[in-house]
Each structure stands twice: as C-alpha cells, then as structure tokens.
Amino acid sequence: MTSPVYANEEHKQAVESYVNACKEFIKDISTKTRYNNYLDVVEIILEYHNNYGKTTQSNNFHDWLMIIPINISVATNGYFAAIETKKNASTVRAYKILLEQLSYDTVDKIQNLTLHND
C-alpha cells in the first residue's frame, strides 16, 4: 500500500489513526474479497493525495491536508451503504455513527495543526 506524504508528525498521527480505524470497521463487516476491494479504493485516494498539486497550478495546502480524511469518509460511507443488509444493519449503523464522530475529530485535529516553516 502507498505510504502517504504527511505535513508533519501531528498530521501523520491523525491520518494514520483515522485510516486504520476505517479499515478495521470495514474488515469487521466484510469478506476478504470485499475488504480487498475497499483497500483498492483507499490506495487510489492515497495516490491522489500524494500527487496533488504536481500536475496542476491550482493547489491549496489546506485542501491537500483534507484529501485523505474527506475521501476516506465518503468511500467508507459508500461501502456501508452498499453492504448493509437486514442482518448486519445494526452493526453498520453503529459504525456509521463512530465514523461520523471520528471524521469530525480528525478534521478538527488537522485544522488545528501547528505548522512551521523549516
């Protein structure tokens, strides 16, 4: 899996914690094949994040910081919507609530990063 580029250690910790939690949510309710399909989507998001701004003149540092949490949140919620059945509905809905709170917490951490010019 692609290793993301981070702005600093705080950014790394916030993003890694978030991505790992999302992966665990999906792994818990998936078959191995579907989990691997989810990881393929995560890989695309990480590649986009790492290449953001390299091919365009219109890039923004704040947008770059938020690519992973926002896109992983959308991908994970889409996965939840696709996989929910009557049998697993309560588990999926619980994960949706956890994901929402974790997303807000992660975005708050990233917005409050202390950035330094080196």
# chains A, B, ... in the order shown; residues from 1 in each chain; ligands from 1

call {"tool": "select_by_dssp", "arguments": {"residues": "stretch 7-106 of chain A", "states": "helix (DSSP H, G or I)", "output": "PyMOL selection string"}}
result
chain A and resi 9-28+32-51+61-83+89-106

call {"tool": "closest_atom_pairs", "arguments": {"of": "stretch 32-53 of chain A", "to": "stretch 62-78 of chain A", "cutoff": "7 Å", "atoms": "only C-alpha atoms", "output": "Markdown table"}}
result
| residue | atom | partner | partner_atom | distance |
| --- | --- | --- | --- | --- |
| A:Val42 | CA | A:Ile72 | CA | 6.7 |
| A:Ile45 | CA | A:Ile68 | CA | 6.5 |
| A:Leu46 | CA | A:Ile68 | CA | 6.8 |
| A:His49 | CA | A:Ile67 | CA | 6.0 |
| A:Tyr52 | CA | A:Trp64 | CA | 6.7 |

call {"tool": "write_last_selection", "arguments": {"atoms": "C-alpha atoms", "output": "PDB file, in the first residue's frame"}}
result
ATOM      1  CA  VAL A  42      -8.069   3.562  -0.292  1.00  0.00           C
ATOM      2  CA  ILE A  45      -7.137   8.045  -2.510  1.00  0.00           C
ATOM      3  CA  LEU A  46      -3.594   7.832  -1.113  1.00  0.00           C
ATOM      4  CA  HIS A  49      -3.194  12.732  -2.051  1.00  0.00           C
ATOM      5  CA  TYR A  52      -1.999  16.505  -5.500  1.00  0.00           C
TER       6      TYR A  52
END

call {"tool": "residues_around", "arguments": {"residues": "stretch 15-27 of chain A", "least_positions_apart": "4", "cutoff": "8 Å", "atoms": "only C-alpha atoms", "output": "list in words"}}
result
His11, Thr31, Lys32, Tyr35, Tyr38, Leu39, Ile68, Pro69, Ile72, Thr76, Tyr95, Leu99, Leu102, Ser103 and Thr106 of chain A

call {"tool": "residues_around", "arguments": {"residues": "A:Ala7", "least_positions_apart": "4", "cutoff": "10 Å", "atoms": "only C-alpha atoms", "output": "PyMOL selection string"}}
result
chain A and resi 11-12+61+64-65+110+113-116

call {"tool": "write_last_selection", "arguments": {"atoms": "N, CA and C atoms", "output": "PDB file, in the first residue's frame"}}
result
ATOM      1  N   HIS A  11       0.078  15.547  11.743  1.00  0.00           N
ATOM      2  CA  HIS A  11      -0.749  15.169  10.588  1.00  0.00           C
ATOM      3  C   HIS A  11      -0.683  13.662  10.392  1.00  0.00           C
ATOM      4  N   LYS A  12       0.509  13.108  10.484  1.00  0.00           N
ATOM      5  CA  LYS A  12       0.691  11.670  10.322  1.00  0.00           C
ATOM      6  C   LYS A  12      -0.127  10.885  11.348  1.00  0.00           C
ATOM      7  N   PHE A  61      -2.873  24.114   0.095  1.00  0.00           N
ATOM      8  CA  PHE A  61      -2.320  23.309   1.171  1.00  0.00           C
ATOM      9  C   PHE A  61      -3.417  22.731   2.070  1.00  0.00           C
ATOM     10  N   TRP A  64      -5.115  19.877   0.412  1.00  0.00           N
ATOM     11  CA  TRP A  64      -4.228  18.701   0.428  1.00  0.00           C
ATOM     12  C   TRP A  64      -4.289  17.996   1.779  1.00  0.00           C
ATOM     13  N   LEU A  65      -4.281  18.762   2.868  1.00  0.00           N
ATOM     14  CA  LEU A  65      -4.353  18.165   4.203  1.00  0.00           C
ATOM     15  C   LEU A  65      -5.626  17.354   4.402  1.00  0.00           C
ATOM     16  N   ILE A 110      -6.645  18.132  12.309  1.00  0.00           N
ATOM     17  CA  ILE A 110      -5.890  18.632  11.156  1.00  0.00           C
ATOM     18  C   ILE A 110      -6.021  20.147  11.043  1.00  0.00           C
ATOM     19  N   LEU A 113      -3.549  21.927  13.356  1.00  0.00           N
ATOM     20  CA  LEU A 113      -2.134  21.580  13.267  1.00  0.00           C
ATOM     21  C   LEU A 113      -1.258  22.802  13.488  1.00  0.00           C
ATOM     22  N   THR A 114      -0.150  22.577  14.136  1.00  0.00           N
ATOM     23  CA  THR A 114       0.856  23.600  14.277  1.00  0.00           C
ATOM     24  C   THR A 114       1.869  23.390  13.166  1.00  0.00           C
ATOM     25  N   LEU A 115       1.907  24.322  12.228  1.00  0.00           N
ATOM     26  CA  LEU A 115       2.810  24.192  11.093  1.00  0.00           C
ATOM     27  C   LEU A 115       3.957  25.174  11.238  1.00  0.00           C
ATOM     28  N   HIS A 116       5.137  24.711  10.897  1.00  0.00           N
ATOM     29  CA  HIS A 116       6.345  25.517  10.981  1.00  0.00           C
ATOM     30  C   HIS A 116       7.035  25.526   9.646  1.00  0.00           C
TER      31      HIS A 116
END

call {"tool": "closest_residue", "arguments": {"among": "A:Ala14, A:Asn60, A:Asp105, A:Phe80", "to": "A:Arg93", "atoms": "only C-alpha atoms"}}
result
A:Phe80

call {"tool": "decode", "arguments": {"residues": "stretch 35-50 of chain A", "atoms": "C-alpha atoms", "output": "PDB file, in the first residue's frame"}}
result
ATOM      1  CA  TYR A  35     -12.221  -5.829   2.091  1.00  0.00           C
ATOM      2  CA  ASN A  36      -9.507  -6.000  -0.574  1.00  0.00           C
ATOM      3  CA  ASN A  37     -11.787  -4.067  -2.942  1.00  0.00           C
ATOM      4  CA  TYR A  38     -12.133  -1.382  -0.268  1.00  0.00           C
ATOM      5  CA  LEU A  39      -8.339  -1.289   0.117  1.00  0.00           C
ATOM      6  CA  ASP A  40      -8.067  -0.708  -3.651  1.00  0.00           C
ATOM      7  CA  VAL A  41     -10.197   2.412  -3.246  1.00  0.00           C
ATOM      8  CA  VAL A  42      -8.069   3.562  -0.292  1.00  0.00           C
ATOM      9  CA  GLU A  43      -4.979   3.092  -2.458  1.00  0.00           C
ATOM     10  CA  ILE A  44      -6.431   5.388  -5.137  1.00  0.00           C
ATOM     11  CA  ILE A  45      -7.137   8.045  -2.510  1.00  0.00           C
ATOM     12  CA  LEU A  46      -3.594   7.832  -1.113  1.00  0.00           C
ATOM     13  CA  GLU A  47      -2.081   8.109  -4.591  1.00  0.00           C
ATOM     14  CA  TYR A  48      -4.259  11.136  -5.349  1.00  0.00           C
ATOM     15  CA  HIS A  49      -3.194  12.732  -2.051  1.00  0.00           C
ATOM     16  CA  ASN A  50       0.494  12.150  -2.739  1.00  0.00           C
TER      17      ASN A  50
END
